[in-house]
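Here is the structure we will look at.
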Amino acid sequence: MKRNLLAIAIPALLVAAGANASIEVWNKDGNKVDFYGRVKAANNITDRGQKNEGDDTSARLGMSGQTQITDSVTGYGRWEYQANAGKNSDNEVRYAFAGLNFGDFGSFDYGRNDGVLKAITAYTDVLPQFGGDAANNNWNVLSSRTKAVATYRNNNFFGLTDDVSFALQYADNGDNSNTLDRFKSDLDNDVSVSREAYGVNAQWRIFDTGLTAGAGYAQSTSSDHRHNTWTAGLKYDNYNLYLAANYFQSKLKNRTISVFDDQGVEEGSGVSNIKIKGIELVAQYGFDLEVGRLTPSLAYVQHKGKVDSFHDEEDYDVRYGSKNSPLAKYVSVGATYDLNKNFSAIVEYKFNLLDRKDIGAEENTKVQRDRHANKPGTKDVLGVGLIYQF
């Protein structure tokens, strides 16, 4: 996603989300309300058997507001809604939260908001059309938009320095709504018991160098099959050049694993641990033109999963070996052309490096083709689109 489109501001400025293009509808007596929105008309051109192929058109509308309670306390809130108009049309409340800002003592809010690790995953989630693999998945804890989260943020280390910030978060119902570790007792298929999680992040803007370093950790509170994630990132944003790198690692404890033969018939199953490691690298450079600004983009993304060896649950003498397999692996080349602050054109080509035997190819395949299992999930993708925002 383009990093200068509807950027998420820090809580002190959160109520002015998208302030560069938002419409101020009320500002009187310490009360302020803004509206902002975006319409993206896009298409992903690839094999028709691949997931997310075809129309990717969507529209967003958001509202942010603040009210001055005392000289040092401000109340704020944000709501954002997205309607997808593509092949798999559905709607989503992206954000819905309210909180209090106490100035140098930080801010506290509750509702549907970004997971605490998203502040770090955002370093590389800047591609014109694709990207966001580290956040938009069920591998990592508290890395995506999350329901029922209480978040404390401090963006100037209690007024001592503007270069250091941190955040603490508690999730009442777990992290991503589609997470593999959504329920404490999902191994027993008891979906009535919700799962909790907590996380923390810290970022250091390294003086006036343009460099920012960040790290974060999050985990579920369940001890029987705990899911934890840690991440570290570095970005350079100065003048026209943007560089970013992220590393992620997740561990999922005591997961039920099924083994299938070449014909897709289950051979056996057992309980094992899963480890997922990922790296994302991005480089972008902006050129000011007579009309607008052109920003070419280059990225490399790889996430790989490893299942430890385990015994068959029916026959302990049968042991299955460990397995490594990529979940996502590609090179991205693209560009964003900002005609002005409200209108952009995007193009991005994803060189898919997955093999048919990779787990990522299987998960990326919607419709199988002939005898070649998972082949649609290995195809390259061309994404093109137009974006209007206010």
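By convention here, the chains of the structure tokens are called A, B, ... in the order presented, each chain's residues are numbered starting at 1, and ligands are numbered starting at 1 in the order presented.
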Test item: residues at most 6 Å from Gly115 in chain A, only C-alpha atoms, excluding those fewer than 4 positions along its chain, as a PyMOL selection string
chain A and resi 142-146
Could you list, as a PDB file with N, CA, C and O atoms, in the first residue's frame, every residue within 12 Å of Trp26 in chain A, counting only C-alpha atoms and ignoring same-chain residues fewer than 6 positions away?
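File produced: around_14.pdb:
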```
ATOM      1  N   LYS A  32     -13.374  19.363  16.966  1.00  0.00           N
ATOM      2  CA  LYS A  32     -12.970  19.299  15.572  1.00  0.00           C
ATOM      3  C   LYS A  32     -13.392  17.964  14.983  1.00  0.00           C
ATOM      4  O   LYS A  32     -13.235  16.915  15.611  1.00  0.00           O
ATOM      5  N   VAL A  33     -13.936  17.997  13.752  1.00  0.00           N
ATOM      6  CA  VAL A  33     -14.357  16.788  13.058  1.00  0.00           C
ATOM      7  C   VAL A  33     -13.866  16.856  11.616  1.00  0.00           C
ATOM      8  O   VAL A  33     -14.041  17.878  10.949  1.00  0.00           O
ATOM      9  N   ASP A  34     -13.251  15.766  11.160  1.00  0.00           N
ATOM     10  CA  ASP A  34     -12.764  15.661   9.782  1.00  0.00           C
ATOM     11  C   ASP A  34     -13.347  14.418   9.121  1.00  0.00           C
ATOM     12  O   ASP A  34     -13.545  13.398   9.781  1.00  0.00           O
ATOM     13  N   PHE A  35     -13.583  14.509   7.827  1.00  0.00           N
ATOM     14  CA  PHE A  35     -13.946  13.347   7.021  1.00  0.00           C
ATOM     15  C   PHE A  35     -12.870  13.123   5.967  1.00  0.00           C
ATOM     16  O   PHE A  35     -12.265  14.085   5.467  1.00  0.00           O
ATOM     17  N   MET A  63     -14.045   8.971   9.455  1.00  0.00           N
ATOM     18  CA  MET A  63     -14.305  10.165  10.247  1.00  0.00           C
ATOM     19  C   MET A  63     -13.372  10.169  11.442  1.00  0.00           C
ATOM     20  O   MET A  63     -13.156   9.137  12.082  1.00  0.00           O
ATOM     21  N   SER A  64     -12.800  11.305  11.754  1.00  0.00           N
ATOM     22  CA  SER A  64     -11.978  11.442  12.946  1.00  0.00           C
ATOM     23  C   SER A  64     -12.366  12.721  13.660  1.00  0.00           C
ATOM     24  O   SER A  64     -12.745  13.717  13.033  1.00  0.00           O
ATOM     25  N   GLY A  65     -12.307  12.684  14.965  1.00  0.00           N
ATOM     26  CA  GLY A  65     -12.696  13.864  15.725  1.00  0.00           C
ATOM     27  C   GLY A  65     -11.932  13.981  17.025  1.00  0.00           C
ATOM     28  O   GLY A  65     -11.355  13.006  17.520  1.00  0.00           O
ATOM     29  N   GLN A  66     -11.929  15.192  17.576  1.00  0.00           N
ATOM     30  CA  GLN A  66     -11.290  15.416  18.861  1.00  0.00           C
ATOM     31  C   GLN A  66     -12.046  16.508  19.610  1.00  0.00           C
ATOM     32  O   GLN A  66     -12.723  17.345  19.013  1.00  0.00           O
ATOM     33  N   THR A  67     -11.929  16.464  20.921  1.00  0.00           N
ATOM     34  CA  THR A  67     -12.547  17.482  21.760  1.00  0.00           C
ATOM     35  C   THR A  67     -11.604  17.829  22.898  1.00  0.00           C
ATOM     36  O   THR A  67     -11.015  16.943  23.524  1.00  0.00           O
TER      37      THR A  67
END
```
I'd like the neighbourhood of Thr161 in chain A as a PDB file with N, CA, C and O atoms, in the first residue's frame, where a residue qualifies if any of its atoms comes within 12 Å (using only C-alpha atoms), though same-chain residues fewer than 5 positions away should be ignored.
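Saved the output as selection15.pdb:
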```pdb
ATOM      1  N   ASP A 104       2.156  14.762  27.306  1.00  0.00           N
ATOM      2  CA  ASP A 104       3.427  14.067  27.520  1.00  0.00           C
ATOM      3  C   ASP A 104       3.260  12.740  28.258  1.00  0.00           C
ATOM      4  O   ASP A 104       4.179  11.912  28.262  1.00  0.00           O
ATOM      5  N   ASN A 154       2.973   6.272  23.852  1.00  0.00           N
ATOM      6  CA  ASN A 154       3.683   7.480  24.252  1.00  0.00           C
ATOM      7  C   ASN A 154       4.675   7.805  23.147  1.00  0.00           C
ATOM      8  O   ASN A 154       5.558   6.993  22.846  1.00  0.00           O
ATOM      9  N   ASN A 155       4.514   8.974  22.548  1.00  0.00           N
ATOM     10  CA  ASN A 155       5.276   9.308  21.346  1.00  0.00           C
ATOM     11  C   ASN A 155       6.443  10.255  21.579  1.00  0.00           C
ATOM     12  O   ASN A 155       7.103  10.664  20.618  1.00  0.00           O
ATOM     13  N   ASN A 156       6.702  10.613  22.834  1.00  0.00           N
ATOM     14  CA  ASN A 156       7.855  11.479  23.115  1.00  0.00           C
ATOM     15  C   ASN A 156       8.545  11.114  24.416  1.00  0.00           C
ATOM     16  O   ASN A 156       9.208  11.942  25.011  1.00  0.00           O
ATOM     17  N   PHE A 166       6.934   4.467  22.260  1.00  0.00           N
ATOM     18  CA  PHE A 166       6.648   3.061  22.573  1.00  0.00           C
ATOM     19  C   PHE A 166       5.143   2.884  22.738  1.00  0.00           C
ATOM     20  O   PHE A 166       4.382   3.856  22.880  1.00  0.00           O
ATOM     21  N   GLN A 203      10.202   2.416  19.182  1.00  0.00           N
ATOM     22  CA  GLN A 203      10.838   2.958  17.986  1.00  0.00           C
ATOM     23  C   GLN A 203      11.765   4.106  18.378  1.00  0.00           C
ATOM     24  O   GLN A 203      11.458   4.889  19.284  1.00  0.00           O
ATOM     25  N   TRP A 204      12.865   4.183  17.643  1.00  0.00           N
ATOM     26  CA  TRP A 204      13.853   5.237  17.882  1.00  0.00           C
ATOM     27  C   TRP A 204      14.155   5.920  16.567  1.00  0.00           C
ATOM     28  O   TRP A 204      14.688   5.313  15.648  1.00  0.00           O
ATOM     29  N   ARG A 205      13.790   7.168  16.483  1.00  0.00           N
ATOM     30  CA  ARG A 205      14.160   8.000  15.337  1.00  0.00           C
ATOM     31  C   ARG A 205      15.559   8.534  15.606  1.00  0.00           C
ATOM     32  O   ARG A 205      15.761   9.372  16.492  1.00  0.00           O
ATOM     33  N   ILE A 206      16.527   8.038  14.840  1.00  0.00           N
ATOM     34  CA  ILE A 206      17.942   8.236  15.161  1.00  0.00           C
ATOM     35  C   ILE A 206      18.384   9.638  14.763  1.00  0.00           C
ATOM     36  O   ILE A 206      18.814   9.897  13.634  1.00  0.00           O
ATOM     37  N   PHE A 207      18.220  10.554  15.693  1.00  0.00           N
ATOM     38  CA  PHE A 207      18.605  11.952  15.536  1.00  0.00           C
ATOM     39  C   PHE A 207      18.039  12.518  14.235  1.00  0.00           C
ATOM     40  O   PHE A 207      16.877  12.315  13.923  1.00  0.00           O
TER      41      PHE A 207
END
```
Which parts of range 305-357 of chain A does DSSP call strand (DSSP E) when run on the backbone here, written out as a PyMOL selection string?
chain A and resi 305-307+310-311+319-320+323-338+343-352
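Interatomic distance, CA of Leu243 in chain A against CA of Thr212 in chain A: 10.5 Å.
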May I have the residues within 7 Å of Ser269 in chain A as a ChimeraX atom specification, using only C-alpha atoms and disregarding those fewer than 2 positions away in the same chain?
/A:256-259,312-313
For the residues in that selection, give me N, CA and C atoms as a tab-separated table (two decimals), in the first residue's frame.
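Here's the written file result_20.tsv:
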```
chain	number	residue	atom	x	y	z
A	256	THR	N	-1.96	-29.18	15.43
A	256	THR	CA	-2.31	-30.42	14.76
A	256	THR	C	-1.91	-30.33	13.29
A	257	ILE	N	-1.06	-31.26	12.84
A	257	ILE	CA	-0.54	-31.27	11.47
A	257	ILE	C	-1.03	-32.53	10.77
A	258	SER	N	-1.56	-32.38	9.57
A	258	SER	CA	-1.99	-33.51	8.75
A	258	SER	C	-1.00	-33.72	7.61
A	259	VAL	N	-0.76	-34.99	7.27
A	259	VAL	CA	0.17	-35.36	6.20
A	259	VAL	C	-0.64	-35.99	5.07
A	312	ASP	N	3.10	-39.88	14.63
A	312	ASP	CA	1.70	-40.04	14.24
A	312	ASP	C	0.86	-40.26	15.51
A	313	GLU	N	-0.30	-39.57	15.60
A	313	GLU	CA	-1.11	-39.67	16.80
A	313	GLU	C	-1.77	-41.05	16.96
```
Min atom-atom distance to Phe310 in chain A from the set A:Asn340, A:Asn273, A:Ser297, A:Ser325, counting only C-alpha atoms, belongs to A:Asn273
What's around range 379-383 of chain A at 7 Å? Count only C-alpha atoms, leave out sequence neighbours fewer than 4 positions away in its own chain, and write the answer as a ChimeraX atom specification.
/A:43-47,129,347-352
Write out, as a tab-separated table (two decimals), in the first residue's frame, the residues just selected, with N, CA and C atoms.
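In the end it all went to again14.tsv:
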```tsv
chain	number	residue	atom	x	y	z
A	43	ASN	N	-7.07	-3.67	-10.71
A	43	ASN	CA	-7.27	-5.02	-11.21
A	43	ASN	C	-5.95	-5.78	-11.12
A	44	ASN	N	-6.02	-7.04	-10.65
A	44	ASN	CA	-4.86	-7.91	-10.57
A	44	ASN	C	-4.95	-8.92	-11.72
A	45	ILE	N	-4.04	-8.82	-12.66
A	45	ILE	CA	-4.07	-9.63	-13.87
A	45	ILE	C	-3.13	-10.82	-13.71
A	46	THR	N	-3.71	-12.03	-13.68
A	46	THR	CA	-2.93	-13.25	-13.51
A	46	THR	C	-3.80	-14.45	-13.88
A	47	ASP	N	-3.33	-15.65	-13.57
A	47	ASP	CA	-4.11	-16.86	-13.83
A	47	ASP	C	-5.44	-16.80	-13.07
A	129	GLN	N	0.64	-1.68	-5.03
A	129	GLN	CA	-0.58	-2.47	-5.06
A	129	GLN	C	-0.52	-3.67	-4.13
A	347	VAL	N	1.07	0.99	-10.77
A	347	VAL	CA	1.34	-0.22	-11.54
A	347	VAL	C	2.39	-1.02	-10.77
A	348	GLU	N	2.23	-2.34	-10.72
A	348	GLU	CA	3.18	-3.18	-10.00
A	348	GLU	C	3.16	-4.58	-10.61
A	349	TYR	N	4.36	-5.12	-10.82
A	349	TYR	CA	4.49	-6.48	-11.34
A	349	TYR	C	5.15	-7.33	-10.27
A	350	LYS	N	4.49	-8.43	-9.91
A	350	LYS	CA	5.00	-9.34	-8.89
A	350	LYS	C	5.57	-10.59	-9.58
A	351	PHE	N	6.88	-10.76	-9.47
A	351	PHE	CA	7.55	-11.95	-9.98
A	351	PHE	C	7.43	-13.05	-8.91
A	352	ASN	N	6.53	-13.96	-9.11
A	352	ASN	CA	6.23	-15.01	-8.14
A	352	ASN	C	7.33	-16.07	-8.17
```
Using only C-alpha atoms, which protein or nucleic acid residues come within 8 Å of Arg60 in chain A? Drop anything in the same chain fewer than 4 positions from it, and give the result as a ChimeraX atom specification.
/A:37-39,80-83
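Take the candidates A:Ser272, A:Thr295, A:Asn52, A:Asn138 and check each one against Ile346 in chain A using only C-alpha atoms; the shortest distance goes to A:Thr295.
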Between A:Asn137, A:Ser58, A:Thr221, A:Asn254, which has the minimum distance to Leu327 in chain A (counting only C-alpha atoms)?
A:Asn137
Determine, counting only C-alpha atoms, which protein, DNA and RNA residues have an atom within 9 Å of an atom of Asp56 in chain A; residues of the same chain fewer than 3 positions away are not included. Present the result as a PyMOL selection string.
chain A and resi 40-44+52-53+84-88+385
Write the residues you've just listed into a file as a compact mmCIF listing (two decimals), in the first residue's frame, and include N, CA and C atoms for each of them.
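Result file follows (out09.txt):
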```txt
# COMPACT_ATOMS: atom_id res chain seq x y z
N LYS A 40 -10.43 3.32 -4.85
CA LYS A 40 -9.38 2.67 -5.63
C LYS A 40 -10.02 1.76 -6.67
N ALA A 41 -9.73 2.03 -7.93
CA ALA A 41 -10.19 1.18 -9.03
C ALA A 41 -8.97 0.43 -9.55
N ALA A 42 -8.89 -0.88 -9.26
CA ALA A 42 -7.68 -1.64 -9.57
C ALA A 42 -8.04 -3.04 -10.05
N ASN A 43 -7.07 -3.67 -10.71
CA ASN A 43 -7.27 -5.02 -11.21
C ASN A 43 -5.95 -5.78 -11.12
N ASN A 44 -6.02 -7.04 -10.65
CA ASN A 44 -4.86 -7.91 -10.57
C ASN A 44 -4.95 -8.92 -11.72
N ASN A 52 -7.39 -13.78 -5.28
CA ASN A 52 -7.28 -12.33 -5.43
C ASN A 52 -7.06 -11.88 -6.87
N GLU A 53 -7.30 -12.79 -7.82
CA GLU A 53 -7.22 -12.41 -9.24
C GLU A 53 -8.42 -11.56 -9.61
N ASN A 84 -15.81 -3.28 -0.47
CA ASN A 84 -15.12 -3.87 -1.61
C ASN A 84 -16.11 -4.13 -2.74
N ALA A 85 -15.74 -3.73 -3.94
CA ALA A 85 -16.64 -3.84 -5.08
C ALA A 85 -16.12 -4.82 -6.13
N GLY A 86 -15.10 -5.60 -5.78
CA GLY A 86 -14.52 -6.54 -6.73
C GLY A 86 -15.26 -7.86 -6.76
N LYS A 87 -14.52 -8.92 -7.13
CA LYS A 87 -15.12 -10.25 -7.25
C LYS A 87 -15.71 -10.73 -5.94
N ASN A 88 -14.95 -10.59 -4.88
CA ASN A 88 -15.41 -11.04 -3.57
C ASN A 88 -15.86 -9.83 -2.75
N GLY A 385 -3.94 0.29 -11.37
CA GLY A 385 -5.08 0.94 -10.76
C GLY A 385 -4.98 2.46 -10.75
```
